[in-house]
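Have a look at the structure below, then the notes.
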Amino acid sequence: MTGTNDSAAGDARAQERLRRWRMVLGGEEDGTGCALAGRDAGMDAALSALYGRNQKDGRGARDGRGGDRSAGLGGSAPHVARWLGDIRTYFPGSVVQIMQRDAIERLGLASLLLEPEMLEAVEPDVHLVGTLLSLHKAMPETTRETARAVVRKVVERLEARLASRTRATLTGALDRSARTSRPRHADIDWNRTIRANLKNYLPEYRTVVPERLVGYGRTARAVKKEVVLCVDQSGSMAASVVHASVFGAVLASMRTIATRLVVFDTAVVDLTDQLEDPVDVLFGTQLGGGTDINRALAYCQSRITRPADTVVVLISDLHEGGIREGMLGRVAAMKASGTTFVALLALSDEGAPAYDREHAAALAALGVPAFACTPDLFPEVMAAALEKRPLPLP
């Protein structure tokens with residue numbers, strides 16, 4: 001009996017291996033001899049429609065149930081909407097987002113996103129927002145409100161994930177930068193005061209004698225620092241533009257930081273007056289086009305009134321279409337005036353895109369390391385910049 005059970009278990013494991021290989025390889029000529037049914041067949045059909053060998057030329061393929069099917073998504077919005085529903089049924093959200101992105105890039109489905117029923121079917125994510133922003137000038141009026149709703153959903157998710165930690169981190173950095181040794185009673189930082197006076201502990205009285213008080217300055221509610229976010233809106237920087245708009249809105253909500261948001265390609269647009277709503281900021285951008293970093297930095301430099309209390313954050317892949325020497329000269333001049341300058345190759349979860357390594361090396365020679373930054377690391381980077389201490393490089 002034991003031998004029979006072991007044999008059955010071995011057969012089951014072998015069949016499961018064949019099933020997995022069939023799902024990985026796809027197609028009727030995979031060599032496994034394993035037929036798919038039910039949920040497996042549905043998953044296989046959804047994957048083949050996007051990744052099948054014949055998806056570009058539309059030639060027929062066989063599905064796991066032995067029937068004919070036409071691989072590819074075609075140009076039909078209802079067909080694509082059904083496919084979007086299928087992949088949300090079969091796969092987790094993170095996989096759905098990747099498949100959506102691949103469908104847009106591989107099959108040229110961007111134009112279908114101009115239809116409201118399509119937008120209602122997709123899984124919102126940062127990359128979808130980037131695609132919508134690149135299309136929004138061409139959107140019909142009937143689609144724009146749906147597109148704004150999709151963008152707002154992504155923005156609200158990002159704010160929920162990032163806002164509280166950003167405010168807490170930067171508030172701490174600002175408080176530390178405003179520390180004083182002669183605070184008023186209400187401004188005493190008791191935790192730091194006790195730590196600074198532990199050597200004065202009196203055992204007989206079980207107390208600490210605070211010879212030196214540590215606290216916050218009397219201007220705690222005044223503007224202490226100015227931050228300029230200078231964001232490249234070329235097509236490759238779409239995810240960075242989305243994250244920068246969210247962080248810009250968070251920074252603008254802090255009364256102790258005066259925040260300016262500038263986006264650029266070959267032209268420069270100041271979106272500071274729209275920072276209350278990052279969705280308005282995003283729809284004020286125009287993804288694509290060339291890049292003139294020098295012109296953008298010239299504008300930012302002209303708006304700096306308190307260099308020693310200002311942080312300029314350039315978010316760009318550094319592919320300069322303007323005057324290279326001018327760009328580097330402006331960075332050097334801002335640093336010489338006391339301005340803290342930060343160069344981020346990307347502000348996203350994907351890491352650094354293709355970037356100009358020569359320009360990155362030139363910035364590093366000026367004492368400005370250029371690196372990609374994830375949204376989760378950005379609060380720490382900003383805190384270090386506000387306190388004028390070394391940046392936490394990834």
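Just so we're on the same page: first chain in the structure tokens is A, next is B, and so on; residues restart at 1 for each chain, and ligands are numbered from 1 in the order they show up.
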Q) Would you give me, as number ranges by chain, the residues in segment 52-294 of chain A that DSSP reads as helix (DSSP H, G or I)? A) A: 77-90, 93-107, 110-114, 116-121, 126-138, 141-177, 185-187, 190-196, 198-200, 235-252, 272-274, 278-283, 293-294
Q. Hey, what does DSSP flag as strand (DSSP E or B) within segment 103-305 of chain A? Can you give it to me as a list in words?
A.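 Put together, the selection reads Arg179, Thr180, Ile188, Tyr201, Leu202, Thr207, Val208, Gly215, Tyr216, Lys225, Glu226, Val227, Val228, Leu229, Cys230, Val231, Asp232, Ile257, Ala258, Thr259, Arg260, Leu261, Val262, Val263, Phe264, Val268, Val269 and Asp270 of chain A.
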Residues from last step as file, C-alpha atoms, as a PDB file, in the first residue's frame:
ATOM      1  CA  ARG A 179      18.623  74.397  17.756  1.00  0.00           C
ATOM      2  CA  THR A 180      19.659  77.052  20.274  1.00  0.00           C
ATOM      3  CA  ILE A 188      13.270  73.490  25.481  1.00  0.00           C
ATOM      4  CA  TYR A 201      23.557  63.690  37.440  1.00  0.00           C
ATOM      5  CA  LEU A 202      23.283  63.964  41.261  1.00  0.00           C
ATOM      6  CA  THR A 207      18.155  64.341  39.228  1.00  0.00           C
ATOM      7  CA  VAL A 208      20.166  65.995  36.459  1.00  0.00           C
ATOM      8  CA  GLY A 215      15.975  73.806  22.436  1.00  0.00           C
ATOM      9  CA  TYR A 216      14.460  75.233  19.300  1.00  0.00           C
ATOM     10  CA  LYS A 225      14.470  76.847   4.326  1.00  0.00           C
ATOM     11  CA  GLU A 226      13.664  77.236   0.659  1.00  0.00           C
ATOM     12  CA  VAL A 227      13.509  74.246  -1.692  1.00  0.00           C
ATOM     13  CA  VAL A 228      13.530  74.432  -5.481  1.00  0.00           C
ATOM     14  CA  LEU A 229      12.568  71.249  -7.331  1.00  0.00           C
ATOM     15  CA  CYS A 230      13.813  71.519 -10.932  1.00  0.00           C
ATOM     16  CA  VAL A 231      12.352  68.581 -12.855  1.00  0.00           C
ATOM     17  CA  ASP A 232      13.185  67.354 -16.355  1.00  0.00           C
ATOM     18  CA  ILE A 257       9.638  75.345   3.897  1.00  0.00           C
ATOM     19  CA  ALA A 258       9.066  77.649   0.928  1.00  0.00           C
ATOM     20  CA  THR A 259       8.779  75.320  -2.061  1.00  0.00           C
ATOM     21  CA  ARG A 260       9.093  76.085  -5.764  1.00  0.00           C
ATOM     22  CA  LEU A 261       8.428  73.528  -8.524  1.00  0.00           C
ATOM     23  CA  VAL A 262       9.922  74.145 -11.962  1.00  0.00           C
ATOM     24  CA  VAL A 263       9.553  71.720 -14.893  1.00  0.00           C
ATOM     25  CA  PHE A 264      11.442  72.006 -18.132  1.00  0.00           C
ATOM     26  CA  VAL A 268      10.765  76.377 -18.516  1.00  0.00           C
ATOM     27  CA  VAL A 269       7.432  76.334 -16.665  1.00  0.00           C
ATOM     28  CA  ASP A 270       6.969  77.392 -13.040  1.00  0.00           C
TER      29      ASP A 270
END
Q: Record the distance separating atom CA of Pro379 of chain A and atom CA of Ser94 of chain A, expressed in Å with one decimal.
A: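 Those two atoms sit 24.4 Å apart.
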Q) Quick one: residues within 10 Å of Asp40 of chain A, only C-alpha atoms counted, chain neighbours fewer than 3 positions away excluded, as JSON, numbers by chain? A) {"A": [19, 20, 22, 23, 35, 36, 37, 43, 44, 45, 46, 64, 65, 90]}
Q: Select, from A:Val155, A:Val312, A:Ala173, A:Val246, the residue with the minimum atom-to-atom distance to Ala384 of chain A, counting only C-alpha atoms.
A: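 Of all the options, A:Ala173 lies closest to Ala384 of chain A.
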(Q) At a cut-off of 7 Å, using only C-alpha atoms, what residues contact segment 341-345 of chain A? Leave out same-chain residues fewer than 2 positions from it and give the result as an NGL selection string. (A) :A and (311-317 or 335 or 339 or 347 or 352 or 368-373)
Q: Extract, using only C-alpha atoms, all DNA, RNA and protein residues at most 9 Å from Ala110 of chain A, discarding same-chain residues fewer than 3 positions from it, and format them as a PyMOL selection string.
A: chain A and resi 103-105+107+113-114+131-132+135
Q: Choose the residue, out of A:Leu318, A:Ala160, A:Ala244, A:Met139, that has the smallest atom-to-atom separation from Ile293 of chain A; count only C-alpha atoms.
A: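 Selected residue with least distance to Ile293 of chain A: A:Leu318.
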Q) Leaving out Gly321 of chain A and any residue of its chain fewer than 2 positions from it, which residues lie within 9 Å of it when counting only C-alpha atoms, given as number ranges by chain? A) A: 266, 290-294, 319, 323-324
Q. Within 10 Å of Leu128 of chain A, counting only C-alpha atoms, which residues qualify if same-chain residues fewer than 5 places away don't, as a VMD selection string?
A. chain A and resid 97 100 to 101 104 110 113 119 122 to 123 133 to 134 150 to 151 154 238 to 239
Can you write just those residues out, N, CA, C and O atoms, as a PDB file, in the first residue's frame?
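And here is the file that came out, again.pdb:
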ATOM      1  N   GLN A  97       0.216  45.397 -13.506  1.00  0.00           N
ATOM      2  CA  GLN A  97       0.817  46.661 -13.925  1.00  0.00           C
ATOM      3  C   GLN A  97       1.916  46.439 -14.961  1.00  0.00           C
ATOM      4  O   GLN A  97       2.028  47.192 -15.930  1.00  0.00           O
ATOM      5  N   GLN A 100       0.211  45.477 -18.294  1.00  0.00           N
ATOM      6  CA  GLN A 100      -0.381  46.659 -18.917  1.00  0.00           C
ATOM      7  C   GLN A 100       0.685  47.499 -19.616  1.00  0.00           C
ATOM      8  O   GLN A 100       0.506  47.954 -20.745  1.00  0.00           O
ATOM      9  N   ARG A 101       1.802  47.711 -18.910  1.00  0.00           N
ATOM     10  CA  ARG A 101       2.887  48.508 -19.474  1.00  0.00           C
ATOM     11  C   ARG A 101       3.418  47.846 -20.743  1.00  0.00           C
ATOM     12  O   ARG A 101       3.668  48.508 -21.757  1.00  0.00           O
ATOM     13  N   ILE A 104       1.006  48.298 -23.706  1.00  0.00           N
ATOM     14  CA  ILE A 104       1.067  49.650 -24.282  1.00  0.00           C
ATOM     15  C   ILE A 104       2.302  49.803 -25.153  1.00  0.00           C
ATOM     16  O   ILE A 104       2.249  50.356 -26.253  1.00  0.00           O
ATOM     17  N   ALA A 110      -1.639  52.696 -26.771  1.00  0.00           N
ATOM     18  CA  ALA A 110      -1.779  53.986 -26.098  1.00  0.00           C
ATOM     19  C   ALA A 110      -3.011  54.745 -26.580  1.00  0.00           C
ATOM     20  O   ALA A 110      -3.716  55.381 -25.793  1.00  0.00           O
ATOM     21  N   LEU A 113      -6.287  54.266 -24.837  1.00  0.00           N
ATOM     22  CA  LEU A 113      -6.483  54.861 -23.521  1.00  0.00           C
ATOM     23  C   LEU A 113      -7.231  56.178 -23.598  1.00  0.00           C
ATOM     24  O   LEU A 113      -7.575  56.756 -22.570  1.00  0.00           O
ATOM     25  N   LEU A 119     -10.084  53.350 -19.790  1.00  0.00           N
ATOM     26  CA  LEU A 119      -9.483  53.887 -18.572  1.00  0.00           C
ATOM     27  C   LEU A 119     -10.125  53.309 -17.325  1.00  0.00           C
ATOM     28  O   LEU A 119      -9.476  53.128 -16.303  1.00  0.00           O
ATOM     29  N   VAL A 122      -8.443  49.754 -16.560  1.00  0.00           N
ATOM     30  CA  VAL A 122      -7.027  49.543 -16.274  1.00  0.00           C
ATOM     31  C   VAL A 122      -6.739  49.615 -14.781  1.00  0.00           C
ATOM     32  O   VAL A 122      -7.513  50.157 -13.998  1.00  0.00           O
ATOM     33  N   GLU A 123      -5.594  49.052 -14.406  1.00  0.00           N
ATOM     34  CA  GLU A 123      -5.091  49.123 -13.032  1.00  0.00           C
ATOM     35  C   GLU A 123      -4.183  50.355 -12.939  1.00  0.00           C
ATOM     36  O   GLU A 123      -3.134  50.407 -13.571  1.00  0.00           O
ATOM     37  N   LEU A 133      -0.327  61.306 -19.231  1.00  0.00           N
ATOM     38  CA  LEU A 133       0.157  62.684 -19.319  1.00  0.00           C
ATOM     39  C   LEU A 133       0.726  62.974 -20.703  1.00  0.00           C
ATOM     40  O   LEU A 133       0.593  64.096 -21.212  1.00  0.00           O
ATOM     41  N   SER A 134       1.359  61.980 -21.315  1.00  0.00           N
ATOM     42  CA  SER A 134       1.899  62.191 -22.658  1.00  0.00           C
ATOM     43  C   SER A 134       0.789  62.299 -23.698  1.00  0.00           C
ATOM     44  O   SER A 134       1.003  62.845 -24.788  1.00  0.00           O
ATOM     45  N   VAL A 150      -8.226  58.696 -12.708  1.00  0.00           N
ATOM     46  CA  VAL A 150      -7.195  57.666 -12.653  1.00  0.00           C
ATOM     47  C   VAL A 150      -5.909  58.236 -12.056  1.00  0.00           C
ATOM     48  O   VAL A 150      -5.291  57.630 -11.169  1.00  0.00           O
ATOM     49  N   VAL A 151      -5.509  59.423 -12.518  1.00  0.00           N
ATOM     50  CA  VAL A 151      -4.293  60.053 -12.007  1.00  0.00           C
ATOM     51  C   VAL A 151      -4.434  60.367 -10.524  1.00  0.00           C
ATOM     52  O   VAL A 151      -3.521  60.150  -9.731  1.00  0.00           O
ATOM     53  N   VAL A 154      -3.826  57.356  -8.255  1.00  0.00           N
ATOM     54  CA  VAL A 154      -2.403  57.041  -8.080  1.00  0.00           C
ATOM     55  C   VAL A 154      -1.745  58.045  -7.148  1.00  0.00           C
ATOM     56  O   VAL A 154      -0.972  57.679  -6.253  1.00  0.00           O
ATOM     57  N   ALA A 238       9.152  60.283 -16.886  1.00  0.00           N
ATOM     58  CA  ALA A 238       7.741  60.352 -16.518  1.00  0.00           C
ATOM     59  C   ALA A 238       7.488  59.962 -15.059  1.00  0.00           C
ATOM     60  O   ALA A 238       6.791  60.667 -14.324  1.00  0.00           O
ATOM     61  N   ALA A 239       8.049  58.837 -14.615  1.00  0.00           N
ATOM     62  CA  ALA A 239       7.818  58.398 -13.233  1.00  0.00           C
ATOM     63  C   ALA A 239       8.388  59.403 -12.240  1.00  0.00           C
ATOM     64  O   ALA A 239       7.800  59.657 -11.180  1.00  0.00           O
TER      65      ALA A 239
END
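Of the listed residues (A:Ala296, A:Val250, A:Leu287, A:Met118), A:Met118 comes nearest to Thr143 of chain A; the distances count only C-alpha atoms.
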Q | Coordinates-based distance that separates atom CA of Glu145 of chain A from atom CA of Leu84 of chain A (Å, one decimal) | A |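 One can read the atom CA of Leu84 of chain A to atom CA of Glu145 of chain A distance as 20.6 Å.
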